[in-house]
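Asker: Hey, dropping model_31.pdb in here, PDB, C-alpha atoms:
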MODEL        1
ATOM      1  CA  MET A  10     -23.328   6.457  -4.450
ATOM      2  CA  ARG A  11     -22.949   5.793  -0.720
ATOM      3  CA  ILE A  12     -19.657   4.184   0.266
ATOM      4  CA  THR A  13     -19.151   1.827   3.184
ATOM      5  CA  VAL A  14     -16.079   0.057   4.549
ATOM      6  CA  ASP A  15     -16.315  -3.274   6.349
ATOM      7  CA  ALA A  16     -13.857  -2.799   9.216
ATOM      8  CA  GLN A  17     -13.813  -6.541   9.884
ATOM      9  CA  ARG A  18     -12.484  -7.228   6.368
ATOM     10  CA  CYS A  19     -10.166  -4.224   6.078
ATOM     11  CA  VAL A  20      -6.474  -5.103   6.353
ATOM     12  CA  GLY A  21      -5.219  -1.515   6.449
ATOM     13  CA  SER A  22      -3.264  -1.612   3.187
ATOM     14  CA  GLY A  23      -4.046   2.063   2.518
ATOM     15  CA  MET A  24      -4.719   1.625  -1.194
ATOM     16  CA  CYS A  25      -8.018   3.484  -0.845
ATOM     17  CA  VAL A  26      -6.306   6.447   0.805
ATOM     18  CA  LEU A  27      -3.604   6.549  -1.864
ATOM     19  CA  THR A  28      -6.213   6.374  -4.624
ATOM     20  CA  ALA A  29      -8.939   8.640  -3.211
ATOM     21  CA  GLY A  30      -7.494  10.494  -0.240
ATOM     22  CA  THR A  31     -10.274  13.057  -0.104
ATOM     23  CA  VAL A  32     -12.806  10.272   0.431
ATOM     24  CA  PHE A  33     -10.896   7.763   2.599
ATOM     25  CA  ASP A  34      -8.537   7.926   5.571
ATOM     26  CA  GLN A  35      -7.104   5.423   8.038
ATOM     27  CA  ARG A  36      -7.684   5.149  11.764
ATOM     28  CA  GLN A  37      -4.559   5.935  13.756
ATOM     29  CA  ASP A  38      -4.962   3.091  16.223
ATOM     30  CA  ASP A  39      -5.163   0.164  13.784
ATOM     31  CA  GLY A  40      -4.778   1.557  10.255
ATOM     32  CA  LYS A  41      -8.218   0.409   9.133
ATOM     33  CA  ALA A  42      -9.957   2.498   6.501
ATOM     34  CA  ILE A  43     -12.666   4.999   7.292
ATOM     35  CA  VAL A  44     -14.907   6.913   4.932
ATOM     36  CA  LEU A  45     -14.573  10.683   5.178
ATOM     37  CA  ARG A  46     -17.205  11.402   2.539
ATOM     38  CA  PRO A  47     -19.849   8.638   2.293
ATOM     39  CA  GLU A  48     -21.444  10.470  -0.624
ATOM     40  CA  PRO A  49     -18.458  11.842  -2.553
ATOM     41  CA  PRO A  50     -18.724  14.472  -5.264
ATOM     42  CA  THR A  51     -19.126  13.350  -8.846
ATOM     43  CA  GLU A  52     -15.567  14.307  -9.787
ATOM     44  CA  THR A  53     -14.146  11.738  -7.341
ATOM     45  CA  GLN A  54     -16.322   8.793  -8.353
ATOM     46  CA  GLY A  55     -13.759   7.396 -10.804
ATOM     47  CA  ALA A  56     -11.090   7.361  -8.101
ATOM     48  CA  VAL A  57     -13.533   5.775  -5.641
ATOM     49  CA  ARG A  58     -14.346   2.986  -8.089
ATOM     50  CA  GLU A  59     -10.618   2.433  -8.605
ATOM     51  CA  ALA A  60     -10.135   2.246  -4.820
ATOM     52  CA  VAL A  61     -12.864  -0.405  -4.644
ATOM     53  CA  ASP A  62     -11.101  -2.429  -7.339
ATOM     54  CA  LEU A  63      -7.674  -2.062  -5.672
ATOM     55  CA  CYS A  64      -8.778  -3.016  -2.163
ATOM     56  CA  PRO A  65      -7.005  -6.336  -1.456
ATOM     57  CA  ALA A  66      -9.607  -7.352   1.137
ATOM     58  CA  ALA A  67     -12.682  -6.288  -0.881
ATOM     59  CA  ALA A  68     -13.715  -4.273   2.180
ATOM     60  CA  ILE A  69     -15.156  -1.270   0.330
ATOM     61  CA  ALA A  70     -18.708  -1.477  -0.933
ATOM     62  CA  LEU A  71     -20.739   0.677  -3.250
ATOM     63  CA  PRO A  72     -24.503   0.271  -3.550
ATOM     64  CA  THR A  73     -24.080  -1.122  -7.060
ATOM     65  CA  ASP A  74     -21.469  -3.722  -6.050
ATOM     66  CA  ARG A  75     -22.497  -7.309  -6.589
ATOM     67  CA  ARG A  76     -19.531  -8.801  -4.732
ATOM     68  CA  PRO A  77     -20.185 -10.962  -1.671
TER      69      PRO A  77
ENDMDL
END
Translate the structure described by the file into structure tokens.
Answerer:
Amino acid sequence: MRITVDAQRCVGSGMCVLTAGTVFDQRQDDGKAIVLRPEPPTETQGAVREAVDLCPAAAIALPTDRRP
């Protein structure tokens, strides 16, 4: 699993950070999400998938995502 965040789509809601704070953070200048651990450990994968589902802008992508 390699996570990416589309900074153009990100609205800075912070849901990813609240859900999987060891994997995501937010830039200080604009609040957009960044990935701290592009290949997170297995024990965090459930939280990462939840963060993907909760992202209001659908800005987080996993290799298995089929979303546009």
Asker: Just to confirm, what's the straight-line distance from CA of Val14 in chain A to CA of Ile69 in chain A in Å (one decimal)?
Answerer: 4.5 Å
Asker: For the file shown, report as a list of chain:residue names the outcome of the PyMOL selection byres ((chain A and resi 49-66) around 9) at residue level.
Answerer: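 Those residues are A:Met10, A:Arg11, A:Ile12, A:Arg18, A:Cys19, A:Val20, A:Ser22, A:Gly23, A:Met24, A:Cys25, A:Val26, A:Leu27, A:Thr28, A:Ala29, A:Thr31, A:Val32, A:Phe33, A:Leu45, A:Arg46, A:Pro47, A:Glu48, A:Ala67, A:Ala68, A:Ile69, A:Ala70, A:Leu71.
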Asker: Find the axis-aligned box for range 46-63 of chain A, covering all its listed atoms and adding 8 Å on each side, and write its centre and edge lengths in Å to one decimal as AutoDock Vina command-line options.
Answerer:
--center_x -14.6 --center_y 6.0 --center_z -4.1 --size_x 29.8 --size_y 32.9 --size_z 29.3
Asker: Range 14-39 of chain A from the block above, N, CA, C and O atoms, as a PDB file, in the first residue's frame, please?
Answerer:
ATOM      1  N   VAL A  14      -1.461  11.864  -1.591  1.00  0.00           N
ATOM      2  CA  VAL A  14      -2.462  12.906  -1.367  1.00  0.00           C
ATOM      3  C   VAL A  14      -2.367  13.889  -2.522  1.00  0.00           C
ATOM      4  O   VAL A  14      -1.286  14.383  -2.846  1.00  0.00           O
ATOM      5  N   ASP A  15      -3.496  14.179  -3.132  1.00  0.00           N
ATOM      6  CA  ASP A  15      -3.569  15.169  -4.204  1.00  0.00           C
ATOM      7  C   ASP A  15      -3.751  16.536  -3.550  1.00  0.00           C
ATOM      8  O   ASP A  15      -4.846  16.873  -3.089  1.00  0.00           O
ATOM      9  N   ALA A  16      -2.688  17.310  -3.512  1.00  0.00           N
ATOM     10  CA  ALA A  16      -2.720  18.619  -2.840  1.00  0.00           C
ATOM     11  C   ALA A  16      -3.688  19.584  -3.514  1.00  0.00           C
ATOM     12  O   ALA A  16      -4.217  20.485  -2.859  1.00  0.00           O
ATOM     13  N   GLN A  17      -3.940  19.404  -4.790  1.00  0.00           N
ATOM     14  CA  GLN A  17      -4.887  20.271  -5.492  1.00  0.00           C
ATOM     15  C   GLN A  17      -6.318  20.034  -5.013  1.00  0.00           C
ATOM     16  O   GLN A  17      -7.122  20.953  -4.972  1.00  0.00           O
ATOM     17  N   ARG A  18      -6.630  18.796  -4.656  1.00  0.00           N
ATOM     18  CA  ARG A  18      -7.988  18.452  -4.197  1.00  0.00           C
ATOM     19  C   ARG A  18      -8.172  18.657  -2.700  1.00  0.00           C
ATOM     20  O   ARG A  18      -9.286  18.884  -2.234  1.00  0.00           O
ATOM     21  N   CYS A  19      -7.101  18.538  -1.944  1.00  0.00           N
ATOM     22  CA  CYS A  19      -7.185  18.609  -0.480  1.00  0.00           C
ATOM     23  C   CYS A  19      -7.761  19.951  -0.037  1.00  0.00           C
ATOM     24  O   CYS A  19      -7.360  21.009  -0.524  1.00  0.00           O
ATOM     25  N   VAL A  20      -8.706  19.890   0.907  1.00  0.00           N
ATOM     26  CA  VAL A  20      -9.313  21.108   1.444  1.00  0.00           C
ATOM     27  C   VAL A  20      -8.849  21.392   2.875  1.00  0.00           C
ATOM     28  O   VAL A  20      -9.318  22.334   3.501  1.00  0.00           O
ATOM     29  N   GLY A  21      -7.969  20.572   3.399  1.00  0.00           N
ATOM     30  CA  GLY A  21      -7.406  20.813   4.719  1.00  0.00           C
ATOM     31  C   GLY A  21      -8.346  20.556   5.876  1.00  0.00           C
ATOM     32  O   GLY A  21      -8.216  21.178   6.926  1.00  0.00           O
ATOM     33  N   SER A  22      -9.291  19.631   5.715  1.00  0.00           N
ATOM     34  CA  SER A  22     -10.248  19.361   6.790  1.00  0.00           C
ATOM     35  C   SER A  22      -9.594  18.690   7.998  1.00  0.00           C
ATOM     36  O   SER A  22     -10.089  18.805   9.104  1.00  0.00           O
ATOM     37  N   GLY A  23      -8.504  17.970   7.784  1.00  0.00           N
ATOM     38  CA  GLY A  23      -7.790  17.324   8.881  1.00  0.00           C
ATOM     39  C   GLY A  23      -8.350  15.982   9.314  1.00  0.00           C
ATOM     40  O   GLY A  23      -7.880  15.409  10.297  1.00  0.00           O
ATOM     41  N   MET A  24      -9.337  15.474   8.615  1.00  0.00           N
ATOM     42  CA  MET A  24      -9.918  14.180   8.989  1.00  0.00           C
ATOM     43  C   MET A  24      -8.876  13.065   8.931  1.00  0.00           C
ATOM     44  O   MET A  24      -8.872  12.172   9.764  1.00  0.00           O
ATOM     45  N   CYS A  25      -7.977  13.129   7.976  1.00  0.00           N
ATOM     46  CA  CYS A  25      -6.948  12.094   7.853  1.00  0.00           C
ATOM     47  C   CYS A  25      -6.009  12.115   9.062  1.00  0.00           C
ATOM     48  O   CYS A  25      -5.639  11.069   9.590  1.00  0.00           O
ATOM     49  N   VAL A  26      -5.667  13.309   9.514  1.00  0.00           N
ATOM     50  CA  VAL A  26      -4.777  13.449  10.662  1.00  0.00           C
ATOM     51  C   VAL A  26      -5.460  12.955  11.934  1.00  0.00           C
ATOM     52  O   VAL A  26      -4.853  12.266  12.757  1.00  0.00           O
ATOM     53  N   LEU A  27      -6.737  13.275  12.083  1.00  0.00           N
ATOM     54  CA  LEU A  27      -7.485  12.812  13.249  1.00  0.00           C
ATOM     55  C   LEU A  27      -7.655  11.291  13.248  1.00  0.00           C
ATOM     56  O   LEU A  27      -7.667  10.668  14.308  1.00  0.00           O
ATOM     57  N   THR A  28      -7.756  10.709  12.077  1.00  0.00           N
ATOM     58  CA  THR A  28      -8.000   9.274  11.956  1.00  0.00           C
ATOM     59  C   THR A  28      -6.713   8.460  11.984  1.00  0.00           C
ATOM     60  O   THR A  28      -6.678   7.391  12.580  1.00  0.00           O
ATOM     61  N   ALA A  29      -5.671   8.950  11.337  1.00  0.00           N
ATOM     62  CA  ALA A  29      -4.402   8.216  11.246  1.00  0.00           C
ATOM     63  C   ALA A  29      -3.241   9.202  11.371  1.00  0.00           C
ATOM     64  O   ALA A  29      -2.493   9.446  10.426  1.00  0.00           O
ATOM     65  N   GLY A  30      -3.098   9.750  12.553  1.00  0.00           N
ATOM     66  CA  GLY A  30      -2.098  10.785  12.807  1.00  0.00           C
ATOM     67  C   GLY A  30      -0.650  10.356  12.713  1.00  0.00           C
ATOM     68  O   GLY A  30       0.234  11.199  12.610  1.00  0.00           O
ATOM     69  N   THR A  31      -0.392   9.058  12.733  1.00  0.00           N
ATOM     70  CA  THR A  31       0.988   8.610  12.560  1.00  0.00           C
ATOM     71  C   THR A  31       1.354   8.507  11.087  1.00  0.00           C
ATOM     72  O   THR A  31       2.522   8.369  10.747  1.00  0.00           O
ATOM     73  N   VAL A  32       0.357   8.596  10.223  1.00  0.00           N
ATOM     74  CA  VAL A  32       0.573   8.462   8.784  1.00  0.00           C
ATOM     75  C   VAL A  32       0.439   9.807   8.071  1.00  0.00           C
ATOM     76  O   VAL A  32       1.147  10.083   7.121  1.00  0.00           O
ATOM     77  N   PHE A  33      -0.475  10.662   8.557  1.00  0.00           N
ATOM     78  CA  PHE A  33      -0.749  11.947   7.916  1.00  0.00           C
ATOM     79  C   PHE A  33      -0.440  13.111   8.849  1.00  0.00           C
ATOM     80  O   PHE A  33      -0.501  12.978  10.061  1.00  0.00           O
ATOM     81  N   ASP A  34      -0.146  14.260   8.254  1.00  0.00           N
ATOM     82  CA  ASP A  34      -0.006  15.517   8.976  1.00  0.00           C
ATOM     83  C   ASP A  34      -0.520  16.610   8.050  1.00  0.00           C
ATOM     84  O   ASP A  34      -0.951  16.324   6.935  1.00  0.00           O
ATOM     85  N   GLN A  35      -0.492  17.844   8.523  1.00  0.00           N
ATOM     86  CA  GLN A  35      -0.933  18.972   7.708  1.00  0.00           C
ATOM     87  C   GLN A  35       0.179  20.001   7.619  1.00  0.00           C
ATOM     88  O   GLN A  35       0.888  20.232   8.604  1.00  0.00           O
ATOM     89  N   ARG A  36       0.306  20.602   6.427  1.00  0.00           N
ATOM     90  CA  ARG A  36       1.296  21.650   6.240  1.00  0.00           C
ATOM     91  C   ARG A  36       0.883  22.859   7.062  1.00  0.00           C
ATOM     92  O   ARG A  36      -0.305  23.186   7.158  1.00  0.00           O
ATOM     93  N   GLN A  37       1.841  23.531   7.651  1.00  0.00           N
ATOM     94  CA  GLN A  37       1.544  24.690   8.487  1.00  0.00           C
ATOM     95  C   GLN A  37       1.070  25.886   7.678  1.00  0.00           C
ATOM     96  O   GLN A  37       0.248  26.661   8.149  1.00  0.00           O
ATOM     97  N   ASP A  38       1.560  26.036   6.475  1.00  0.00           N
ATOM     98  CA  ASP A  38       1.228  27.239   5.705  1.00  0.00           C
ATOM     99  C   ASP A  38      -0.193  27.249   5.162  1.00  0.00           C
ATOM    100  O   ASP A  38      -0.837  28.291   5.122  1.00  0.00           O
ATOM    101  N   ASP A  39      -0.726  26.089   4.754  1.00  0.00           N
ATOM    102  CA  ASP A  39      -2.067  26.085   4.164  1.00  0.00           C
ATOM    103  C   ASP A  39      -2.990  24.986   4.695  1.00  0.00           C
ATOM    104  O   ASP A  39      -4.138  24.894   4.291  1.00  0.00           O
TER     105      ASP A  39
END
